[in-house]
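One file, my_file-v6.tsv, carrying TSV, C-alpha atoms:
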chain	number	residue	atom	x	y	z
A	1	MET	CA	-168.46	-74.03	94.14
A	2	SER	CA	-167.78	-77.71	93.44
A	3	ARG	CA	-167.08	-76.91	89.79
A	4	SER	CA	-164.18	-74.68	90.73
A	5	ALA	CA	-162.53	-76.77	93.47
A	6	PRO	CA	-159.67	-77.90	91.17
A	7	GLY	CA	-159.42	-74.32	89.90
A	8	VAL	CA	-159.09	-73.05	93.46
A	9	ARG	CA	-156.42	-75.64	94.30
A	10	SER	CA	-154.35	-74.74	91.25
A	11	ALA	CA	-154.75	-71.01	91.95
A	12	VAL	CA	-153.51	-71.50	95.52
A	13	ARG	CA	-150.54	-73.54	94.29
A	14	GLN	CA	-149.65	-70.80	91.82
A	15	GLY	CA	-150.02	-68.13	94.49
A	16	VAL	CA	-147.69	-69.92	96.89
A	17	SER	CA	-145.01	-70.53	94.26
A	18	VAL	CA	-145.15	-66.88	93.20
A	19	GLY	CA	-144.80	-65.99	96.88
A	20	LEU	CA	-141.69	-68.13	97.26
A	21	ALA	CA	-140.07	-66.70	94.12
A	22	THR	CA	-140.84	-63.11	95.08
A	23	GLY	CA	-139.82	-63.67	98.68
A	24	ALA	CA	-136.38	-64.69	97.47
A	25	TYR	CA	-135.67	-61.21	96.20
A	26	GLY	CA	-136.82	-59.74	99.48
A	27	ILE	CA	-133.31	-60.77	100.56
A	28	SER	CA	-131.84	-58.35	98.03
A	29	PHE	CA	-134.21	-55.61	99.20
A	30	GLY	CA	-133.17	-56.10	102.83
A	31	ALA	CA	-129.46	-56.06	102.05
A	32	LEU	CA	-129.72	-53.04	99.70
A	33	SER	CA	-131.82	-51.10	102.18
A	34	VAL	CA	-129.22	-51.46	104.93
A	35	ALA	CA	-126.52	-50.55	102.39
A	36	ALA	CA	-128.53	-47.41	101.56
A	37	GLY	CA	-128.32	-46.31	105.19
A	38	LEU	CA	-131.60	-47.49	106.72
A	39	ASP	CA	-131.44	-49.59	109.87
A	40	VAL	CA	-132.84	-53.11	110.18
A	41	TRP	CA	-136.11	-51.93	111.76
A	42	GLN	CA	-136.76	-49.19	109.19
A	43	THR	CA	-136.14	-51.78	106.49
A	44	CYS	CA	-138.64	-54.19	108.04
A	45	VAL	CA	-141.26	-51.46	108.53
A	46	LEU	CA	-141.03	-50.65	104.81
A	47	SER	CA	-141.74	-54.27	103.88
A	48	LEU	CA	-144.53	-54.61	106.45
A	49	LEU	CA	-146.34	-51.31	105.86
A	50	MET	CA	-145.41	-50.09	102.38
A	51	PHE	CA	-145.37	-53.65	100.96
A	52	THR	CA	-144.94	-52.86	97.29
A	53	GLY	CA	-141.52	-53.85	95.99
A	54	GLY	CA	-140.97	-51.23	93.29
A	55	SER	CA	-141.77	-48.36	95.65
A	56	GLN	CA	-139.57	-49.86	98.37
A	57	PHE	CA	-136.58	-50.18	96.03
A	58	ALA	CA	-137.21	-46.63	94.79
A	59	PHE	CA	-137.41	-45.21	98.32
A	60	ILE	CA	-134.10	-46.72	99.43
A	61	GLY	CA	-132.54	-45.92	96.04
A	62	VAL	CA	-133.22	-42.21	96.41
A	63	ILE	CA	-132.15	-42.19	100.09
A	64	GLY	CA	-128.98	-44.15	99.27
A	65	ALA	CA	-128.11	-41.66	96.51
A	66	GLY	CA	-128.27	-38.85	99.07
A	67	GLY	CA	-131.75	-37.62	98.08
A	68	ALA	CA	-134.14	-35.93	100.50
A	69	GLY	CA	-136.81	-37.89	102.36
A	70	ALA	CA	-139.53	-35.93	100.55
A	71	ALA	CA	-138.11	-36.85	97.12
A	72	ALA	CA	-137.85	-40.51	98.15
A	73	THR	CA	-141.44	-40.44	99.40
A	74	ALA	CA	-142.76	-38.79	96.24
A	75	THR	CA	-140.95	-41.32	94.04
A	76	ALA	CA	-142.27	-44.26	96.08
A	77	ALA	CA	-145.81	-42.87	95.99
A	78	LEU	CA	-145.74	-42.27	92.22
A	79	LEU	CA	-144.51	-45.81	91.61
A	80	GLY	CA	-147.36	-47.03	93.80
A	81	VAL	CA	-150.04	-45.37	91.69
A	82	ARG	CA	-150.39	-48.47	89.52
A	83	ASN	CA	-151.59	-50.33	92.63
A	84	SER	CA	-154.72	-48.17	92.79
A	85	LEU	CA	-155.51	-49.24	89.23
A	86	TYR	CA	-155.04	-52.87	90.24
A	87	GLY	CA	-157.27	-52.12	93.24
A	88	LEU	CA	-159.97	-50.90	90.93
A	89	GLN	CA	-160.00	-54.24	89.11
A	90	MET	CA	-159.63	-56.30	92.29
A	91	ALA	CA	-162.44	-54.41	94.03
A	92	SER	CA	-164.96	-55.59	91.45
A	93	LEU	CA	-163.49	-59.10	91.56
A	94	LEU	CA	-163.23	-59.56	95.33
A	95	ARG	CA	-166.04	-57.29	96.49
A	96	PRO	CA	-164.48	-57.05	99.98
A	97	ARG	CA	-166.70	-55.72	102.75
A	98	GLY	CA	-165.88	-53.64	105.83
A	99	ARG	CA	-162.66	-54.68	107.51
A	100	TRP	CA	-161.65	-56.91	104.58
A	101	LYS	CA	-161.25	-53.83	102.41
A	102	PRO	CA	-158.00	-52.57	104.01
A	103	ALA	CA	-156.65	-56.14	104.05
A	104	ALA	CA	-157.42	-56.61	100.36
A	105	ALA	CA	-155.95	-53.18	99.57
A	106	HIS	CA	-152.73	-53.93	101.46
A	107	LEU	CA	-152.23	-57.17	99.51
A	108	THR	CA	-152.96	-55.49	96.16
A	109	ILE	CA	-149.61	-55.61	94.33
A	110	ASP	CA	-148.25	-56.76	90.95
A	111	GLU	CA	-148.07	-60.42	91.95
A	112	SER	CA	-151.49	-60.90	93.58
A	113	THR	CA	-153.20	-59.06	90.72
A	114	ALA	CA	-151.31	-61.10	88.13
A	115	VAL	CA	-152.17	-64.45	89.75
A	116	ALA	CA	-155.85	-63.47	90.12
A	117	LEU	CA	-156.09	-62.39	86.47
A	118	ALA	CA	-154.21	-65.49	85.30
A	119	GLN	CA	-157.13	-67.70	86.43
A	120	PRO	CA	-159.97	-68.38	83.97
A	121	ALA	CA	-162.27	-65.36	83.67
A	122	ASP	CA	-165.38	-67.46	84.35
A	123	ASP	CA	-163.98	-69.07	87.52
A	124	LEU	CA	-164.55	-66.37	90.13
A	125	PRO	CA	-163.66	-68.55	93.18
A	126	ALA	CA	-160.32	-69.46	91.56
A	127	ARG	CA	-159.55	-65.80	90.81
A	128	ARG	CA	-160.32	-64.84	94.40
A	129	ALA	CA	-158.30	-67.74	95.80
A	130	GLY	CA	-155.40	-66.78	93.54
A	131	PHE	CA	-155.44	-63.20	94.80
A	132	TRP	CA	-155.48	-64.11	98.50
A	133	ALA	CA	-153.01	-66.99	98.19
A	134	ALA	CA	-150.48	-64.93	96.23
A	135	GLY	CA	-151.00	-61.85	98.42
A	136	LEU	CA	-150.56	-63.74	101.70
A	137	ALA	CA	-147.67	-65.87	100.42
A	138	VAL	CA	-145.76	-62.89	99.03
A	139	PHE	CA	-146.43	-60.94	102.24
A	140	SER	CA	-145.09	-63.76	104.45
A	141	PHE	CA	-141.99	-64.63	102.42
A	142	TRP	CA	-141.20	-61.03	101.46
A	143	ASN	CA	-141.12	-59.93	105.09
A	144	LEU	CA	-139.12	-62.94	106.31
A	145	ALA	CA	-136.63	-62.47	103.47
A	146	THR	CA	-136.38	-58.73	104.14
A	147	LEU	CA	-135.38	-59.39	107.75
A	148	GLY	CA	-132.84	-61.99	106.65
A	149	GLY	CA	-131.40	-59.69	103.98
A	150	ALA	CA	-131.21	-56.73	106.36
A	151	LEU	CA	-129.31	-58.78	108.98
A	152	LEU	CA	-127.02	-60.08	106.23
A	153	GLY	CA	-126.46	-56.54	104.92
A	154	ASP	CA	-125.52	-55.42	108.43
A	155	VAL	CA	-122.75	-58.04	108.52
A	156	LEU	CA	-121.45	-57.39	105.00
A	157	GLY	CA	-120.15	-53.87	105.67
A	158	ASP	CA	-118.92	-51.80	102.68
A	159	PRO	CA	-121.69	-52.23	100.06
A	160	ALA	CA	-119.51	-51.30	97.04
A	161	ARG	CA	-117.02	-54.08	97.79
A	162	TRP	CA	-119.79	-56.64	97.40
A	163	GLY	CA	-121.18	-54.95	94.30
A	164	LEU	CA	-124.46	-54.06	96.02
A	165	ASP	CA	-124.67	-50.79	94.04
A	166	GLY	CA	-124.49	-52.89	90.87
A	167	ALA	CA	-127.23	-55.11	92.32
A	168	ALA	CA	-129.48	-52.06	92.85
A	169	ALA	CA	-129.08	-50.93	89.24
A	170	ALA	CA	-129.75	-54.48	88.06
A	171	ALA	CA	-132.88	-54.68	90.25
A	172	PHE	CA	-134.41	-51.58	88.64
A	173	LEU	CA	-133.62	-52.88	85.16
A	174	ALA	CA	-135.28	-56.20	86.03
A	175	LEU	CA	-138.38	-54.36	87.31
A	176	LEU	CA	-138.50	-52.26	84.13
A	177	TRP	CA	-137.83	-55.05	81.61
A	178	PRO	CA	-141.26	-56.81	81.50
A	179	ARG	CA	-142.99	-53.42	81.07
A	180	LEU	CA	-141.12	-52.61	77.87
A	181	ALA	CA	-143.01	-55.00	75.59
A	182	ARG	CA	-144.92	-52.23	73.81
A	183	ARG	CA	-143.39	-49.67	71.46
A	184	GLN	CA	-144.91	-46.75	73.39
A	185	ALA	CA	-143.36	-47.98	76.62
A	186	GLN	CA	-139.93	-48.20	74.98
A	187	ALA	CA	-140.24	-44.62	73.75
A	188	ILE	CA	-141.23	-43.50	77.23
A	189	GLY	CA	-138.25	-45.36	78.71
A	190	VAL	CA	-135.83	-43.56	76.40
A	191	VAL	CA	-137.36	-40.14	77.15
A	192	ALA	CA	-137.26	-40.74	80.91
A	193	ALA	CA	-133.68	-42.00	80.79
A	194	LEU	CA	-132.58	-38.90	78.84
A	195	VAL	CA	-134.36	-36.53	81.23
A	196	ALA	CA	-132.69	-38.24	84.18
A	197	ALA	CA	-129.24	-38.13	82.57
A	198	ILE	CA	-129.57	-34.45	81.65
A	199	THR	CA	-130.87	-33.34	85.05
A	200	ILE	CA	-128.55	-35.38	87.34
A	201	PRO	CA	-125.72	-32.78	87.20
A	202	LEU	CA	-128.18	-29.87	87.52
A	203	VAL	CA	-130.47	-30.63	90.47
A	204	PRO	CA	-130.20	-32.37	93.88
A	205	ALA	CA	-130.28	-36.18	94.09
A	206	GLY	CA	-133.79	-37.63	93.88
A	207	ILE	CA	-135.19	-34.78	91.78
A	208	PRO	CA	-134.07	-36.16	88.37
A	209	VAL	CA	-136.33	-39.20	88.84
A	210	LEU	CA	-139.30	-36.97	89.66
A	211	ALA	CA	-138.52	-34.71	86.68
A	212	ALA	CA	-138.50	-37.78	84.45
A	213	ALA	CA	-141.86	-38.86	85.90
A	214	ALA	CA	-143.38	-35.43	85.21
A	215	VAL	CA	-142.15	-35.36	81.60
A	216	THR	CA	-143.31	-38.97	81.17
A	217	ALA	CA	-146.80	-38.16	82.42
A	218	VAL	CA	-147.18	-35.29	79.92
A	219	VAL	CA	-145.81	-37.33	77.00
A	220	ALA	CA	-147.99	-40.35	77.87
A	221	TRP	CA	-151.13	-38.22	78.22
A	222	PHE	CA	-150.74	-36.88	74.66
A	223	GLN	CA	-149.29	-40.13	73.28
A	224	TYR	CA	-152.51	-41.94	74.13
A	225	ARG	CA	-154.64	-42.94	71.16
A	226	GLU	CA	-158.03	-44.57	71.30
A	227	PRO	CA	-157.42	-48.30	70.47
A	228	PRO	CA	-160.04	-50.13	72.54
A	229	HIS	CA	-157.69	-52.98	73.53
A	230	VAL	CA	-154.89	-50.85	75.04
A	231	ARG	CA	-156.23	-50.85	78.54
A	232	ALA	CA	-156.81	-54.59	78.59
A	233	ASP	CA	-153.33	-55.65	77.51
A	234	GLU	CA	-151.61	-53.15	79.78
A	235	GLN	CA	-153.46	-54.30	82.83
A	236	GLU	CA	-153.72	-58.02	82.18
A	237	ALA	CA	-149.94	-58.31	82.46
A	238	PRO	CA	-148.99	-56.34	85.55
A	239	ALA	CA	-146.02	-58.43	86.68
B	240	MET	CA	-135.31	-39.58	113.51
B	241	SER	CA	-136.39	-37.69	110.43
B	242	LEU	CA	-135.60	-40.77	108.30
B	243	TRP	CA	-138.05	-42.70	110.49
B	244	LEU	CA	-140.65	-40.02	109.79
B	245	TRP	CA	-140.21	-40.35	106.02
B	246	VAL	CA	-140.27	-44.15	106.22
B	247	LEU	CA	-143.67	-43.94	107.92
B	248	VAL	CA	-145.05	-41.16	105.69
B	249	ALA	CA	-143.98	-42.98	102.52
B	250	ALA	CA	-145.37	-46.32	103.73
B	251	LEU	CA	-148.72	-44.80	104.70
B	252	ALA	CA	-148.90	-42.88	101.40
B	253	CYS	CA	-148.41	-46.12	99.44
B	254	LEU	CA	-151.03	-47.83	101.57
B	255	ALA	CA	-153.51	-44.98	101.04
B	256	ILE	CA	-152.90	-45.14	97.28
B	257	LYS	CA	-153.72	-48.86	97.28
B	258	LEU	CA	-156.88	-48.23	99.31
B	259	ALA	CA	-157.94	-45.49	96.87
B	260	GLY	CA	-158.53	-48.15	94.21
B	261	TYR	CA	-161.14	-49.70	96.48
B	262	LEU	CA	-162.75	-46.45	97.66
B	263	VAL	CA	-162.56	-43.93	94.81
B	264	PRO	CA	-165.62	-43.90	92.52
B	265	THR	CA	-164.89	-46.13	89.54
B	266	GLU	CA	-165.31	-43.51	86.83
B	267	VAL	CA	-162.41	-41.36	88.12
B	268	LEU	CA	-159.76	-44.06	87.64
B	269	ASP	CA	-161.48	-46.20	85.04
B	270	ASN	CA	-160.49	-44.01	82.13
B	271	PRO	CA	-158.21	-45.56	79.48
B	272	ARG	CA	-156.16	-42.39	79.12
B	273	VAL	CA	-155.57	-42.25	82.89
B	274	SER	CA	-154.55	-45.92	83.08
B	275	HIS	CA	-152.28	-45.57	80.04
B	276	THR	CA	-150.59	-42.56	81.64
B	277	ALA	CA	-150.21	-44.38	84.98
B	278	ALA	CA	-148.65	-47.41	83.28
B	279	MET	CA	-146.25	-45.20	81.34
B	280	VAL	CA	-145.27	-43.20	84.45
B	281	THR	CA	-144.30	-46.51	86.05
B	282	CYS	CA	-142.03	-47.23	83.06
B	283	GLY	CA	-140.60	-43.71	83.12
B	284	LEU	CA	-139.83	-43.83	86.84
B	285	LEU	CA	-138.10	-47.20	86.55
B	286	ALA	CA	-136.07	-46.09	83.51
B	287	ALA	CA	-134.97	-42.95	85.34
B	288	LEU	CA	-134.03	-45.04	88.38
B	289	VAL	CA	-131.94	-47.36	86.20
B	290	VAL	CA	-130.01	-44.34	84.88
B	291	SER	CA	-129.50	-42.71	88.26
B	292	GLN	CA	-128.51	-45.97	89.99
B	293	THR	CA	-126.05	-46.75	87.18
B	294	PHE	CA	-124.44	-43.38	86.42
B	295	ALA	CA	-125.11	-40.94	89.27
B	296	SER	CA	-122.53	-40.32	91.95
B	297	GLY	CA	-123.94	-37.45	93.96
B	298	SER	CA	-124.54	-34.77	91.33
B	299	ALA	CA	-122.02	-36.13	88.83
B	300	LEU	CA	-122.41	-38.61	85.99
B	301	VAL	CA	-119.70	-41.27	86.25
B	302	VAL	CA	-118.82	-44.51	84.47
B	303	ASP	CA	-117.72	-47.22	86.90
B	304	ALA	CA	-118.24	-50.90	87.77
B	305	ARG	CA	-122.01	-50.36	87.78
B	306	LEU	CA	-121.95	-50.05	83.97
B	307	VAL	CA	-120.59	-53.61	83.74
B	308	ALA	CA	-123.26	-54.73	86.24
B	309	ILE	CA	-126.10	-53.24	84.20
B	310	ALA	CA	-124.74	-54.74	80.95
B	311	VAL	CA	-124.53	-58.18	82.55
B	312	ALA	CA	-128.04	-57.73	83.96
B	313	ALA	CA	-129.41	-56.79	80.53
B	314	LEU	CA	-127.80	-59.87	79.02
B	315	ALA	CA	-129.29	-62.06	81.76
B	316	LEU	CA	-132.74	-60.54	81.15
B	317	LEU	CA	-132.41	-61.18	77.39
B	318	LEU	CA	-131.75	-64.83	78.31
B	319	ARG	CA	-134.90	-64.75	80.48
B	320	ALA	CA	-133.13	-65.18	83.81
B	321	PRO	CA	-135.40	-64.74	86.88
B	322	PHE	CA	-135.27	-61.54	88.95
B	323	ILE	CA	-133.10	-62.88	91.77
B	324	VAL	CA	-130.50	-64.24	89.32
B	325	VAL	CA	-130.33	-60.87	87.56
B	326	VAL	CA	-129.77	-59.05	90.87
B	327	VAL	CA	-127.09	-61.49	92.06
B	328	LEU	CA	-125.29	-61.29	88.69
B	329	GLY	CA	-125.36	-57.49	88.98
B	330	ALA	CA	-123.66	-57.68	92.38
B	331	VAL	CA	-121.14	-60.35	91.38
B	332	SER	CA	-120.07	-58.56	88.19
B	333	ALA	CA	-119.64	-55.19	89.93
B	334	ALA	CA	-117.68	-56.82	92.77
B	335	LEU	CA	-115.48	-58.76	90.32
B	336	VAL	CA	-114.68	-55.67	88.25
B	337	ARG	CA	-113.71	-53.82	91.46
B	338	ALA	CA	-111.63	-56.75	92.71
B	339	LEU	CA	-109.75	-56.52	89.39
B	340	GLY	CA	-109.00	-52.91	90.26
B	341	TRP	CA	-111.40	-50.81	88.16
B	342	GLY	CA	-114.45	-48.67	89.00
Before anything else, please render the file you have as structure tokens.
Amino acid sequence: MSRSAPGVRSAVRQGVSVGLATGAYGISFGALSVAAGLDVWQTCVLSLLMFTGGSQFAFIGVIGAGGAGAAATATAALLGVRNSLYGLQMASLLRPRGRWKPAAAHLTIDESTAVALAQPADDLPARRAGFWAAGLAVFSFWNLATLGGALLGDVLGDPARWGLDGAAAAAFLALLWPRLARRQAQAIGVVAALVAAITIPLVPAGIPVLAAAAVTAVVAWFQYREPPHVRADEQEAPA
Amino acid sequence: MSLWLWVLVAALACLAIKLAGYLVPTEVLDNPRVSHTAAMVTCGLLAALVVSQTFASGSALVVDARLVAIAVAALALLLRAPFIVVVVLGAVSAALVRALGWG
């Protein structure tokens, strides 16, 4: 343990700073959620219970566009699937027992996984400390910021006047951007964007996104080729 | 009331999906083709959300102030601006364009 004490301290510092940075955009989630028609409490429950930013933005995006609750739920759930893959990696890293398992699972998101994996592979205590520090820090700041943003959004009134619809589009682009490093991901992005654009006039709001996900899944399944390093570089950079 | 129901169902579904990573036998999820597909579905969903948040108005495709917002956001991302800056720039540019009387 003594060997990794500096490693643990630096992992905790990293986790807290990631928590502060991520918390800041909880303000935009809170404000956008209220603009999409959810009330302050529904907004806070999403941040407390769902607690995975991409899915939360997707849920309110579909609701705000007039989509059905089922479509919003399906979109949020599909975007959350990556968390179960993070969970798989974190389970072998953290080895949580009993009641710690749900706690670890709840804190398993892009940021906590990224901070854990950013610590040296041979420093297990630092990796664990990074996960818990980032998870707890993001959870605290994200929920505080959500409440602040939701109250702010309540005061602002007409969302279009303040450009909040532009902010929502920008938020999704910013979530997508770091995932486009690889050629295959760019191709997938173009296919999904085309499917969405073609289906928007044809089907009810919320469905185009699900149609794009379905087409994407099929394309990705057959696009996959065997290179042994693919899995590693996709999952080592979750954020 | 029914929105409350969907908020809870969606939140619990996301929580269950996270827990699955800790409970499901490793070999089911630990398949490179499955993880590649999951990563790509994430990209596909986000790309589709960018398009629908930028161009959809109900069931119509429209060009309005949001197009300026997304262009400014893309520029900010190219310049490596952090998430919160990108979002604020998206809002400011859309609001400015509307204040000038377009979109």
Judged by all atoms listed in the file, the minimum distance to Asp122 of chain A among A:Leu93, A:Leu202, A:Ala211, A:Leu147 is found for A:Leu93
Which neighbours of Val301 of chain B fall inside 12 Å, counting only C-alpha atoms, when residues of the same chain fewer than 4 positions from it are skipped, and could you give them as an NGL selection string? (:A and (197 or 200-201)) or (:B and (290-297 or 305-306 or 342))
Please save C-alpha atoms of the selected residues as an mmCIF file, in the coordinates of the input.
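Ended up saving to part_11.cif:
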data_model
loop_
_atom_site.group_PDB
_atom_site.id
_atom_site.type_symbol
_atom_site.label_atom_id
_atom_site.label_comp_id
_atom_site.auth_asym_id
_atom_site.auth_seq_id
_atom_site.Cartn_x
_atom_site.Cartn_y
_atom_site.Cartn_z
ATOM 1 C CA ALA A 197 -129.240 -38.130 82.570
ATOM 2 C CA ILE A 200 -128.550 -35.380 87.340
ATOM 3 C CA PRO A 201 -125.720 -32.780 87.200
ATOM 4 C CA VAL B 290 -130.010 -44.340 84.880
ATOM 5 C CA SER B 291 -129.500 -42.710 88.260
ATOM 6 C CA GLN B 292 -128.510 -45.970 89.990
ATOM 7 C CA THR B 293 -126.050 -46.750 87.180
ATOM 8 C CA PHE B 294 -124.440 -43.380 86.420
ATOM 9 C CA ALA B 295 -125.110 -40.940 89.270
ATOM 10 C CA SER B 296 -122.530 -40.320 91.950
ATOM 11 C CA GLY B 297 -123.940 -37.450 93.960
ATOM 12 C CA ARG B 305 -122.010 -50.360 87.780
ATOM 13 C CA LEU B 306 -121.950 -50.050 83.970
ATOM 14 C CA GLY B 342 -114.450 -48.670 89.000
#
Using all atoms listed in the file: which of A:Arg183, A:Arg82, A:Arg97, A:Arg128 has the shortest distance to chain B:
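Looking only at the distances to chain B, the closest residue turns out to be A:Arg82.
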Students should find that atom CA of Val263 of chain B and atom CA of Ala91 of chain A are spaced 10.5 Å
Considering only C-alpha atoms, tabulate each residue of chain A that lies at most 6 Å from chain B along with its nearest interatomic pair and the corresponding distance in Å to one decimal; arrange the rows by chain and ascending residue number and present them as JSON lines.
{"residue": "A:Tyr25", "atom": "CA", "partner": "B:Ile323", "partner_atom": "CA", "distance": 5.4}
{"residue": "A:Leu49", "atom": "CA", "partner": "B:Ala250", "partner_atom": "CA", "distance": 5.5}
{"residue": "A:Met50", "atom": "CA", "partner": "B:Ala250", "partner_atom": "CA", "distance": 4.0}
{"residue": "A:Gly69", "atom": "CA", "partner": "B:Trp245", "partner_atom": "CA", "distance": 5.6}
{"residue": "A:Thr73", "atom": "CA", "partner": "B:Ala249", "partner_atom": "CA", "distance": 4.8}
{"residue": "A:Ala77", "atom": "CA", "partner": "B:Cys253", "partner_atom": "CA", "distance": 5.4}
{"residue": "A:Leu79", "atom": "CA", "partner": "B:Thr281", "partner_atom": "CA", "distance": 5.6}
{"residue": "A:Gly80", "atom": "CA", "partner": "B:Cys253", "partner_atom": "CA", "distance": 5.8}
{"residue": "A:Asn83", "atom": "CA", "partner": "B:Lys257", "partner_atom": "CA", "distance": 5.3}
{"residue": "A:Ser84", "atom": "CA", "partner": "B:Gly260", "partner_atom": "CA", "distance": 4.1}
{"residue": "A:Leu85", "atom": "CA", "partner": "B:Gly260", "partner_atom": "CA", "distance": 5.9}
{"residue": "A:Gly87", "atom": "CA", "partner": "B:Gly260", "partner_atom": "CA", "distance": 4.3}
{"residue": "A:Leu88", "atom": "CA", "partner": "B:Gly260", "partner_atom": "CA", "distance": 4.5}
{"residue": "A:Ala91", "atom": "CA", "partner": "B:Tyr261", "partner_atom": "CA", "distance": 5.5}
{"residue": "A:Ala105", "atom": "CA", "partner": "B:Leu258", "partner_atom": "CA", "distance": 5.0}
{"residue": "A:Arg161", "atom": "CA", "partner": "B:Ala334", "partner_atom": "CA", "distance": 5.8}
{"residue": "A:Trp162", "atom": "CA", "partner": "B:Ala334", "partner_atom": "CA", "distance": 5.1}
{"residue": "A:Gly163", "atom": "CA", "partner": "B:Ala330", "partner_atom": "CA", "distance": 4.2}
{"residue": "A:Leu164", "atom": "CA", "partner": "B:Ala330", "partner_atom": "CA", "distance": 5.2}
{"residue": "A:Gly166", "atom": "CA", "partner": "B:Arg305", "partner_atom": "CA", "distance": 4.7}
{"residue": "A:Ala167", "atom": "CA", "partner": "B:Ala330", "partner_atom": "CA", "distance": 4.4}
{"residue": "A:Ala169", "atom": "CA", "partner": "B:Gln292", "partner_atom": "CA", "distance": 5.0}
{"residue": "A:Ala170", "atom": "CA", "partner": "B:Val326", "partner_atom": "CA", "distance": 5.4}
{"residue": "A:Ala171", "atom": "CA", "partner": "B:Val326", "partner_atom": "CA", "distance": 5.4}
{"residue": "A:Phe172", "atom": "CA", "partner": "B:Val289", "partner_atom": "CA", "distance": 5.5}
{"residue": "A:Leu173", "atom": "CA", "partner": "B:Val289", "partner_atom": "CA", "distance": 5.9}
{"residue": "A:Leu176", "atom": "CA", "partner": "B:Leu285", "partner_atom": "CA", "distance": 5.6}
{"residue": "A:Ile188", "atom": "CA", "partner": "B:Gly283", "partner_atom": "CA", "distance": 5.9}
{"residue": "A:Gly189", "atom": "CA", "partner": "B:Gly283", "partner_atom": "CA", "distance": 5.3}
{"residue": "A:Ala192", "atom": "CA", "partner": "B:Gly283", "partner_atom": "CA", "distance": 5.0}
{"residue": "A:Ala193", "atom": "CA", "partner": "B:Ala287", "partner_atom": "CA", "distance": 4.8}
{"residue": "A:Ala196", "atom": "CA", "partner": "B:Ala287", "partner_atom": "CA", "distance": 5.4}
{"residue": "A:Ile200", "atom": "CA", "partner": "B:Ser298", "partner_atom": "CA", "distance": 5.7}
{"residue": "A:Pro201", "atom": "CA", "partner": "B:Ser298", "partner_atom": "CA", "distance": 4.7}
{"residue": "A:Val209", "atom": "CA", "partner": "B:Ala287", "partner_atom": "CA", "distance": 5.3}
{"residue": "A:Ala213", "atom": "CA", "partner": "B:Leu284", "partner_atom": "CA", "distance": 5.5}
{"residue": "A:Thr216", "atom": "CA", "partner": "B:Val280", "partner_atom": "CA", "distance": 5.7}
{"residue": "A:Ala217", "atom": "CA", "partner": "B:Val280", "partner_atom": "CA", "distance": 5.6}
{"residue": "A:Ala220", "atom": "CA", "partner": "B:Thr276", "partner_atom": "CA", "distance": 5.1}
{"residue": "A:Trp221", "atom": "CA", "partner": "B:Thr276", "partner_atom": "CA", "distance": 5.6}
{"residue": "A:Arg231", "atom": "CA", "partner": "B:Pro271", "partner_atom": "CA", "distance": 5.7}
Just how far from atom CA of Ser112 of chain A is atom CA of Ala187 of chain A, in Å to one decimal?
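Here the two named atoms are 28.0 Å from each other.
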> For Ser140 of chain A, which residue out of A:Leu94, A:Leu175, A:Ala76, A:Leu107 is the nearest one, using only C-alpha atoms?
Replying inline: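 Ranking A:Leu94, A:Leu175, A:Ala76, A:Leu107 by distance to Ser140 of chain A, first place goes to A:Leu107.
Those residues that approach segment 31-34 of chain A to within 7 Å, counting all atoms listed in the file, are Ile27, Leu38, Asp39, Val40, Thr43, Ile60, Gly149, Ala150, Leu152, Gly153, Asp154, Leu164 and Ala168 of chain A; same-chain residues fewer than 4 positions away are not listed.
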Name the residues in contact with Ala126 of chain A at a cut-off of 9 Å, using all atoms listed in the file, excluding same-chain residues fewer than 3 positions from it; report them as number ranges by chain. A: 4-12, 116, 119-120, 123, 129-131
Students should find that atom CA of Gly19 of chain A and atom CA of Ala35 of chain A are spaced 24.6 Å
Do you know which residues are at most 12 Å from Gly135 of chain A counting all atoms listed in the file, after dropping those on the same chain fewer than 6 positions away, and could you put them as number ranges by chain?
-> A: 11-12, 14-20, 22-23, 51-52, 90, 103-116, 128-129, 141-142
